[in-house]
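Undergrad: Next comes my_file.pdb, PDB, C-alpha atoms:
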ATOM      1  CA  MET W 542       0.000   0.000   0.000  1.00  0.00           C
ATOM      2  CA  ASN W 543       1.428   3.356  -1.050  1.00  0.00           C
ATOM      3  CA  LYS W 544      -0.627   6.346   0.012  1.00  0.00           C
ATOM      4  CA  THR W 545       0.183  10.013   0.628  1.00  0.00           C
ATOM      5  CA  TYR W 546      -1.904  12.217   2.910  1.00  0.00           C
ATOM      6  CA  ARG W 547      -1.560  16.004   2.787  1.00  0.00           C
ATOM      7  CA  GLY W 548      -2.351  18.553   5.485  1.00  0.00           C
ATOM      8  CA  ILE W 549      -1.255  16.273   8.329  1.00  0.00           C
ATOM      9  CA  TRP W 550      -0.318  17.698  11.721  1.00  0.00           C
ATOM     10  CA  TYR W 551       2.780  16.282  13.426  1.00  0.00           C
ATOM     11  CA  ARG W 552       3.876  16.687  17.041  1.00  0.00           C
ATOM     12  CA  ASP W 553       6.832  15.077  18.784  1.00  0.00           C
ATOM     13  CA  HIS W 554       5.042  15.341  22.146  1.00  0.00           C
ATOM     14  CA  PRO W 555       1.418  15.730  23.254  1.00  0.00           C
ATOM     15  CA  GLN W 556       0.064  19.144  24.184  1.00  0.00           C
ATOM     16  CA  LEU W 557       1.117  19.595  27.806  1.00  0.00           C
ATOM     17  CA  LYS W 558      -0.489  22.924  28.721  1.00  0.00           C
ATOM     18  CA  MET W 559      -3.854  24.483  27.960  1.00  0.00           C
ATOM     19  CA  ASN W 560      -2.547  27.696  26.417  1.00  0.00           C
ATOM     20  CA  PHE W 561      -2.502  29.325  22.989  1.00  0.00           C
ATOM     21  CA  GLU W 562       1.229  28.897  22.323  1.00  0.00           C
ATOM     22  CA  GLU W 563       1.274  25.197  23.156  1.00  0.00           C
ATOM     23  CA  ALA W 564      -1.805  24.528  21.027  1.00  0.00           C
ATOM     24  CA  PHE W 565       0.007  25.607  17.853  1.00  0.00           C
ATOM     25  CA  LYS W 566       3.362  23.884  18.445  1.00  0.00           C
ATOM     26  CA  ARG W 567       2.960  21.448  15.590  1.00  0.00           C
ATOM     27  CA  ASP W 568       4.236  20.972  12.075  1.00  0.00           C
ATOM     28  CA  LYS W 569       2.039  20.558   9.006  1.00  0.00           C
ATOM     29  CA  GLY W 570       3.029  18.530   5.981  1.00  0.00           C
ATOM     30  CA  LYS W 571       2.453  15.299   4.114  1.00  0.00           C
ATOM     31  CA  LEU W 572       2.526  11.755   5.439  1.00  0.00           C
ATOM     32  CA  ARG W 573       3.429   8.832   3.210  1.00  0.00           C
ATOM     33  CA  ILE W 574       2.558   5.265   4.130  1.00  0.00           C
ATOM     34  CA  GLU W 575       4.345   2.526   2.217  1.00  0.00           C
ATOM     35  CA  HIS W 576       5.576  -1.033   2.794  1.00  0.00           C
ATOM     36  CA  GLY W 577       5.632  -1.003   6.600  1.00  0.00           C
ATOM     37  CA  GLN W 578       7.141   2.472   6.781  1.00  0.00           C
ATOM     38  CA  ILE W 579       5.810   5.953   7.507  1.00  0.00           C
ATOM     39  CA  SER W 580       7.523   9.130   6.362  1.00  0.00           C
ATOM     40  CA  PHE W 581       6.530  12.685   7.239  1.00  0.00           C
ATOM     41  CA  ILE W 582       7.802  15.764   5.410  1.00  0.00           C
ATOM     42  CA  GLY W 583       6.753  19.045   6.978  1.00  0.00           C
ATOM     43  CA  LYS W 584       7.859  22.645   7.023  1.00  0.00           C
ATOM     44  CA  LYS W 585      10.138  22.056  10.044  1.00  0.00           C
ATOM     45  CA  ASN W 586      10.558  18.285  10.337  1.00  0.00           C
ATOM     46  CA  LYS W 587      11.357  15.267   8.215  1.00  0.00           C
ATOM     47  CA  ILE W 588      11.103  11.851   9.837  1.00  0.00           C
ATOM     48  CA  GLU W 589      11.202   8.227   8.734  1.00  0.00           C
ATOM     49  CA  ILE W 590       9.496   5.607  10.896  1.00  0.00           C
ATOM     50  CA  SER W 591       9.967   1.913  10.214  1.00  0.00           C
ATOM     51  CA  ASN W 592      10.058  -0.250  13.361  1.00  0.00           C
ATOM     52  CA  LEU W 593       6.468   0.283  14.507  1.00  0.00           C
ATOM     53  CA  ILE W 594       5.603  -0.963  18.005  1.00  0.00           C
ATOM     54  CA  ALA W 595       2.223   0.539  18.929  1.00  0.00           C
ATOM     55  CA  LEU W 596      -0.576   2.706  17.581  1.00  0.00           C
ATOM     56  CA  HIS W 597      -3.308   4.474  19.565  1.00  0.00           C
ATOM     57  CA  LEU W 598      -6.130   6.770  18.479  1.00  0.00           C
ATOM     58  CA  GLY W 599      -7.700   9.179  20.967  1.00  0.00           C
ATOM     59  CA  LEU W 600      -7.134  12.310  22.984  1.00  0.00           C
ATOM     60  CA  GLN W 601      -3.459  12.944  23.679  1.00  0.00           C
ATOM     61  CA  GLY W 602      -2.225  15.320  26.362  1.00  0.00           C
ATOM     62  CA  THR W 603      -4.393  18.296  27.311  1.00  0.00           C
ATOM     63  CA  ASP W 604      -5.897  18.981  23.853  1.00  0.00           C
ATOM     64  CA  PRO W 605      -9.653  18.691  24.536  1.00  0.00           C
ATOM     65  CA  VAL W 606     -10.729  18.895  20.900  1.00  0.00           C
ATOM     66  CA  ASN W 607      -8.365  17.204  18.464  1.00  0.00           C
ATOM     67  CA  CYS W 608      -8.015  13.462  18.321  1.00  0.00           C
ATOM     68  CA  PHE W 609      -4.408  12.430  17.604  1.00  0.00           C
ATOM     69  CA  ILE W 610      -2.776   9.164  16.564  1.00  0.00           C
ATOM     70  CA  LYS W 611       0.052   8.181  18.888  1.00  0.00           C
ATOM     71  CA  VAL W 612       2.731   6.205  17.031  1.00  0.00           C
ATOM     72  CA  THR W 613       5.352   4.374  19.102  1.00  0.00           C
ATOM     73  CA  TYR W 614       8.371   3.083  17.224  1.00  0.00           C
ATOM     74  CA  LYS W 615      11.907   1.882  17.748  1.00  0.00           C
ATOM     75  CA  SER W 616      14.797   4.023  16.511  1.00  0.00           C
ATOM     76  CA  GLY W 617      18.154   2.408  17.130  1.00  0.00           C
ATOM     77  CA  ASP W 618      18.207   1.306  20.772  1.00  0.00           C
ATOM     78  CA  SER W 619      15.558   3.793  21.943  1.00  0.00           C
ATOM     79  CA  VAL W 620      11.772   3.835  21.787  1.00  0.00           C
ATOM     80  CA  LYS W 621      10.258   7.062  20.434  1.00  0.00           C
ATOM     81  CA  THR W 622       6.757   8.468  20.150  1.00  0.00           C
ATOM     82  CA  CYS W 623       5.161  10.924  17.739  1.00  0.00           C
ATOM     83  CA  TYR W 624       1.625  12.163  17.108  1.00  0.00           C
ATOM     84  CA  PHE W 625      -0.353  12.693  13.888  1.00  0.00           C
ATOM     85  CA  ALA W 626      -3.772  14.164  13.076  1.00  0.00           C
ATOM     86  CA  ASP W 627      -5.585  15.256   9.934  1.00  0.00           C
ATOM     87  CA  GLY W 628      -5.198  19.044   9.994  1.00  0.00           C
ATOM     88  CA  LYS W 629      -7.075  19.946   6.832  1.00  0.00           C
ATOM     89  CA  LEU W 630      -9.847  22.546   7.090  1.00  0.00           C
ATOM     90  CA  PHE W 631      -8.181  24.103  10.170  1.00  0.00           C
ATOM     91  CA  GLY W 632      -8.264  20.719  11.909  1.00  0.00           C
ATOM     92  CA  TYR W 633     -12.007  20.174  11.473  1.00  0.00           C
ATOM     93  CA  TRP W 634     -11.389  17.504   8.862  1.00  0.00           C
ATOM     94  CA  GLY W 635     -10.375  15.239  11.729  1.00  0.00           C
ATOM     95  CA  ALA W 636     -13.925  15.593  13.099  1.00  0.00           C
ATOM     96  CA  PHE W 637     -15.234  14.418   9.728  1.00  0.00           C
ATOM     97  CA  GLY W 638     -13.252  11.213  10.197  1.00  0.00           C
ATOM     98  CA  GLY W 639      -9.967  12.224   8.544  1.00  0.00           C
ATOM     99  CA  THR W 640      -7.833  11.253  11.536  1.00  0.00           C
ATOM    100  CA  TYR W 641      -9.759   7.978  11.870  1.00  0.00           C
ATOM    101  CA  ARG W 642      -9.112   7.153   8.176  1.00  0.00           C
ATOM    102  CA  LEU W 643      -5.424   7.925   8.705  1.00  0.00           C
ATOM    103  CA  PHE W 644      -5.414   5.640  11.767  1.00  0.00           C
ATOM    104  CA  LYS W 645      -6.969   2.798   9.738  1.00  0.00           C
ATOM    105  CA  ALA W 646      -4.394   3.264   6.948  1.00  0.00           C
ATOM    106  CA  ILE W 647      -1.475   3.115   9.398  1.00  0.00           C
ATOM    107  CA  SER W 648      -2.973   0.132  11.256  1.00  0.00           C
ATOM    108  CA  ILE W 649      -2.881  -1.907   8.026  1.00  0.00           C
ATOM    109  CA  ILE W 650       0.933  -1.753   7.887  1.00  0.00           C
ATOM    110  CA  MET W 651       1.470  -2.526  11.595  1.00  0.00           C
ATOM    111  CA  PRO W 652       3.370  -5.748  12.392  1.00  0.00           C
ATOM    112  CA  ARG W 653       1.326  -8.636  13.799  1.00  0.00           C
ATOM    113  CA  ASN W 654       2.917  -8.355  17.254  1.00  0.00           C
ATOM    114  CA  ALA W 655       2.221  -4.592  17.514  1.00  0.00           C
ATOM    115  CA  THR W 656      -0.414  -3.066  19.780  1.00  0.00           C
ATOM    116  CA  VAL W 657      -3.248  -1.215  18.009  1.00  0.00           C
ATOM    117  CA  THR W 658      -5.894   0.486  20.164  1.00  0.00           C
ATOM    118  CA  ALA W 659      -8.493   3.183  19.622  1.00  0.00           C
ATOM    119  CA  ASN W 660     -10.890   5.173  21.747  1.00  0.00           C
ATOM    120  CA  TYR W 661     -13.809   4.862  19.319  1.00  0.00           C
ATOM    121  CA  SER W 662     -16.321   6.360  21.726  1.00  0.00           C
ATOM    122  CA  PHE W 663     -14.491   9.684  21.610  1.00  0.00           C
ATOM    123  CA  VAL W 664     -14.317   9.607  17.806  1.00  0.00           C
ATOM    124  CA  TYR W 665     -18.078   9.049  17.539  1.00  0.00           C
ATOM    125  CA  THR W 666     -18.752  11.745  20.136  1.00  0.00           C
ATOM    126  CA  GLN W 667     -16.576  14.186  18.199  1.00  0.00           C
ATOM    127  CA  ILE W 668     -18.491  13.491  14.974  1.00  0.00           C
ATOM    128  CA  ILE W 669     -21.884  13.841  16.689  1.00  0.00           C
ATOM    129  CA  LEU W 670     -20.889  17.153  18.307  1.00  0.00           C
ATOM    130  CA  PHE W 671     -19.694  18.484  14.980  1.00  0.00           C
ATOM    131  CA  LEU W 672     -22.971  17.496  13.302  1.00  0.00           C
ATOM    132  CA  ILE W 673     -24.930  19.253  16.061  1.00  0.00           C
ATOM    133  CA  LEU W 674     -22.824  22.372  15.537  1.00  0.00           C
ATOM    134  CA  LEU W 675     -23.394  22.167  11.778  1.00  0.00           C
ATOM    135  CA  PHE W 676     -27.156  21.839  12.328  1.00  0.00           C
ATOM    136  CA  MET W 677     -27.155  24.889  14.635  1.00  0.00           C
ATOM    137  CA  VAL W 678     -25.296  26.997  12.064  1.00  0.00           C
ATOM    138  CA  PHE W 679     -27.707  25.860   9.351  1.00  0.00           C
ATOM    139  CA  LYS W 680     -30.687  26.721  11.566  1.00  0.00           C
ATOM    140  CA  ILE W 681     -29.341  30.206  12.307  1.00  0.00           C
ATOM    141  CA  LEU W 682     -28.513  30.974   8.683  1.00  0.00           C
ATOM    142  CA  TYR W 683     -31.567  29.554   6.941  1.00  0.00           C
ATOM    143  CA  LEU W 684     -34.480  29.654   9.405  1.00  0.00           C
TER
END
Could you render the structure from this file as structure tokens?

TA:
Amino acid sequence: MNKTYRGIWYRDHPQLKMNFEEAFKRDKGKLRIEHGQISFIGKKNKIEISNLIALHLGLQGTDPVNCFIKVTYKSGDSVKTCYFADGKLFGYWGAFGGTYRLFKAISIIMPRNATVTANYSFVYTQIILFLILLFMVFKILYL
């Protein structure tokens, strides 16, 4: 499977504080998934991930809105972690299921002995809340 996703947010750590500066400490670029390997090319970072250990979808750190994918991998003798989310449409594309689709694409290339978990209840809640918001905007504009 060779697939490239554009408009992807990358963080090397979860959001640790609930403030404006910390919320925007992320890089945006494209993520390529191919043959058991993930590569990210952003404005500030370029990483190659091959020895995947674990994958988790859900809230990460103190970000109460955006669902991120936590990727744990082995680099040399150390274990590292990074975070991805679909950042298109100012991050709202993730609420439409963009981050979930990215999670499913990465989970396909995970080794059999890797851990893959997801907090699906949060994903569904996020989609429902977005649809309610969309309905409210529609009601205000057209009724």

Undergrad: What does the PyMOL selection byres ((chain W and resi 583) around 9) select in this file, as a list in words?

TA: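 Residues picked by the PyMOL selection byres ((chain W and resi 583) around 9): Ile549, Trp550, Tyr551, Asp568, Lys569, Gly570, Lys571, Leu572, Phe581, Ile582, Lys584, Lys585, Asn586, Lys587 and Ile588 of chain W.
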
Undergrad: List every protein, DNA or RNA residue that has an atom no more than 6 Å from (-3.5, 3.8, 17.8) in the file's coordinate frame, counting only C-alpha atoms, and report them as a VMD selection string.

TA: chain W and resid 596 to 598 610 to 611 657 to 659

Undergrad: Would you save the residues of that selection, restricted to C-alpha atoms, as a compact mmCIF listing (two decimals), in the frame of the given file?

TA:
# COMPACT_ATOMS: atom_id res chain seq x y z
CA LEU W 596 -0.58 2.71 17.58
CA HIS W 597 -3.31 4.47 19.57
CA LEU W 598 -6.13 6.77 18.48
CA ILE W 610 -2.78 9.16 16.56
CA LYS W 611 0.05 8.18 18.89
CA VAL W 657 -3.25 -1.22 18.01
CA THR W 658 -5.89 0.49 20.16
CA ALA W 659 -8.49 3.18 19.62

Undergrad: Using all atoms listed in the file, which of W:Arg567, W:Lys645, W:Arg552, W:Arg547 sits nearest Lys629 in chain W?

TA: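 Of W:Arg567, W:Lys645, W:Arg552, W:Arg547, the one nearest Lys629 in chain W, counting all atoms listed in the file, is W:Arg547.
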
Undergrad: What does the distance between CA of Trp634 in chain W and CA of Asn592 in chain W come to in Å, to one decimal place?

TA: 28.2 Å

Undergrad: I'd like the interatomic distance between CA of Ala655 in chain W and CA of Thr613 in chain W, to a tenth of an Å.

TA: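 Between CA of Ala655 in chain W and CA of Thr613 in chain W the gap is 9.6 Å.
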
Undergrad: Would you mind completing range 584-618 of chain W to N, CA and C atoms and writing the output as a CSV table (one decimal), in the frame of the given file?

TA:
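Ended up saving to part_30.csv:
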chain,number,residue,atom,x,y,z
W,584,LYS,N,7.1,21.4,7.2
W,584,LYS,CA,7.9,22.6,7.0
W,584,LYS,C,9.1,22.7,7.9
W,585,LYS,N,9.0,22.0,9.1
W,585,LYS,CA,10.1,22.1,10.0
W,585,LYS,C,10.8,20.7,10.2
W,586,ASN,N,10.1,19.6,10.0
W,586,ASN,CA,10.6,18.3,10.3
W,586,ASN,C,10.5,17.3,9.1
W,587,LYS,N,11.4,16.4,9.2
W,587,LYS,CA,11.4,15.3,8.2
W,587,LYS,C,11.7,14.0,9.0
W,588,ILE,N,10.8,13.1,9.1
W,588,ILE,CA,11.1,11.9,9.8
W,588,ILE,C,10.7,10.6,9.0
W,589,GLU,N,11.5,9.5,9.3
W,589,GLU,CA,11.2,8.2,8.7
W,589,GLU,C,10.9,7.3,9.9
W,590,ILE,N,9.9,6.6,9.8
W,590,ILE,CA,9.5,5.6,10.9
W,590,ILE,C,9.3,4.2,10.3
W,591,SER,N,10.1,3.2,10.8
W,591,SER,CA,10.0,1.9,10.2
W,591,SER,C,9.7,0.8,11.2
W,592,ASN,N,10.3,0.8,12.4
W,592,ASN,CA,10.1,-0.2,13.4
W,592,ASN,C,8.9,0.1,14.3
W,593,LEU,N,7.7,-0.1,13.8
W,593,LEU,CA,6.5,0.3,14.5
W,593,LEU,C,6.2,-0.7,15.6
W,594,ILE,N,5.9,-0.1,16.8
W,594,ILE,CA,5.6,-1.0,18.0
W,594,ILE,C,4.1,-0.9,18.4
W,595,ALA,N,3.6,0.4,18.5
W,595,ALA,CA,2.2,0.5,18.9
W,595,ALA,C,1.6,1.7,18.2
W,596,LEU,N,0.2,1.7,18.2
W,596,LEU,CA,-0.6,2.7,17.6
W,596,LEU,C,-1.8,2.9,18.5
W,597,HIS,N,-2.1,4.2,18.7
W,597,HIS,CA,-3.3,4.5,19.6
W,597,HIS,C,-4.0,5.7,19.0
W,598,LEU,N,-5.3,5.6,18.9
W,598,LEU,CA,-6.1,6.8,18.5
W,598,LEU,C,-6.9,7.3,19.7
W,599,GLY,N,-6.9,8.6,19.9
W,599,GLY,CA,-7.7,9.2,21.0
W,599,GLY,C,-7.1,10.5,21.4
W,600,LEU,N,-7.7,11.1,22.5
W,600,LEU,CA,-7.1,12.3,23.0
W,600,LEU,C,-5.7,12.1,23.5
W,601,GLN,N,-4.8,13.0,23.2
W,601,GLN,CA,-3.5,12.9,23.7
W,601,GLN,C,-3.1,14.2,24.4
W,602,GLY,N,-2.6,14.1,25.6
W,602,GLY,CA,-2.2,15.3,26.4
W,602,GLY,C,-3.4,16.1,26.8
W,603,THR,N,-3.3,17.4,26.8
W,603,THR,CA,-4.4,18.3,27.3
W,603,THR,C,-5.3,18.9,26.2
W,604,ASP,N,-5.1,18.5,25.0
W,604,ASP,CA,-5.9,19.0,23.9
W,604,ASP,C,-7.3,18.4,24.0
W,605,PRO,N,-8.3,19.2,24.3
W,605,PRO,CA,-9.7,18.7,24.5
W,605,PRO,C,-10.5,18.5,23.3
W,606,VAL,N,-9.9,18.9,22.1
W,606,VAL,CA,-10.7,18.9,20.9
W,606,VAL,C,-10.2,17.9,19.9
W,607,ASN,N,-8.9,18.0,19.6
W,607,ASN,CA,-8.4,17.2,18.5
W,607,ASN,C,-7.9,15.8,18.9
W,608,CYS,N,-8.4,14.9,18.1
W,608,CYS,CA,-8.0,13.5,18.3
W,608,CYS,C,-6.7,13.2,17.6
W,609,PHE,N,-5.7,12.7,18.2
W,609,PHE,CA,-4.4,12.4,17.6
W,609,PHE,C,-4.1,10.9,17.6
W,610,ILE,N,-3.3,10.5,16.7
W,610,ILE,CA,-2.8,9.2,16.6
W,610,ILE,C,-1.4,9.1,17.2
W,611,LYS,N,-1.2,8.3,18.2
W,611,LYS,CA,0.1,8.2,18.9
W,611,LYS,C,0.8,7.0,18.3
W,612,VAL,N,1.9,7.2,17.7
W,612,VAL,CA,2.7,6.2,17.0
W,612,VAL,C,4.0,6.0,17.9
W,613,THR,N,4.2,4.7,18.3
W,613,THR,CA,5.4,4.4,19.1
W,613,THR,C,6.2,3.5,18.2
W,614,TYR,N,7.5,3.8,18.1
W,614,TYR,CA,8.4,3.1,17.2
W,614,TYR,C,9.8,3.0,17.8
W,615,LYS,N,10.5,2.1,17.3
W,615,LYS,CA,11.9,1.9,17.7
W,615,LYS,C,12.9,2.5,16.8
W,616,SER,N,13.8,3.4,17.3
W,616,SER,CA,14.8,4.0,16.5
W,616,SER,C,16.1,3.7,17.1
W,617,GLY,N,16.9,2.8,16.5
W,617,GLY,CA,18.2,2.4,17.1
W,617,GLY,C,17.9,1.6,18.4
W,618,ASP,N,18.4,2.0,19.5
W,618,ASP,CA,18.2,1.3,20.8
W,618,ASP,C,17.1,2.0,21.6
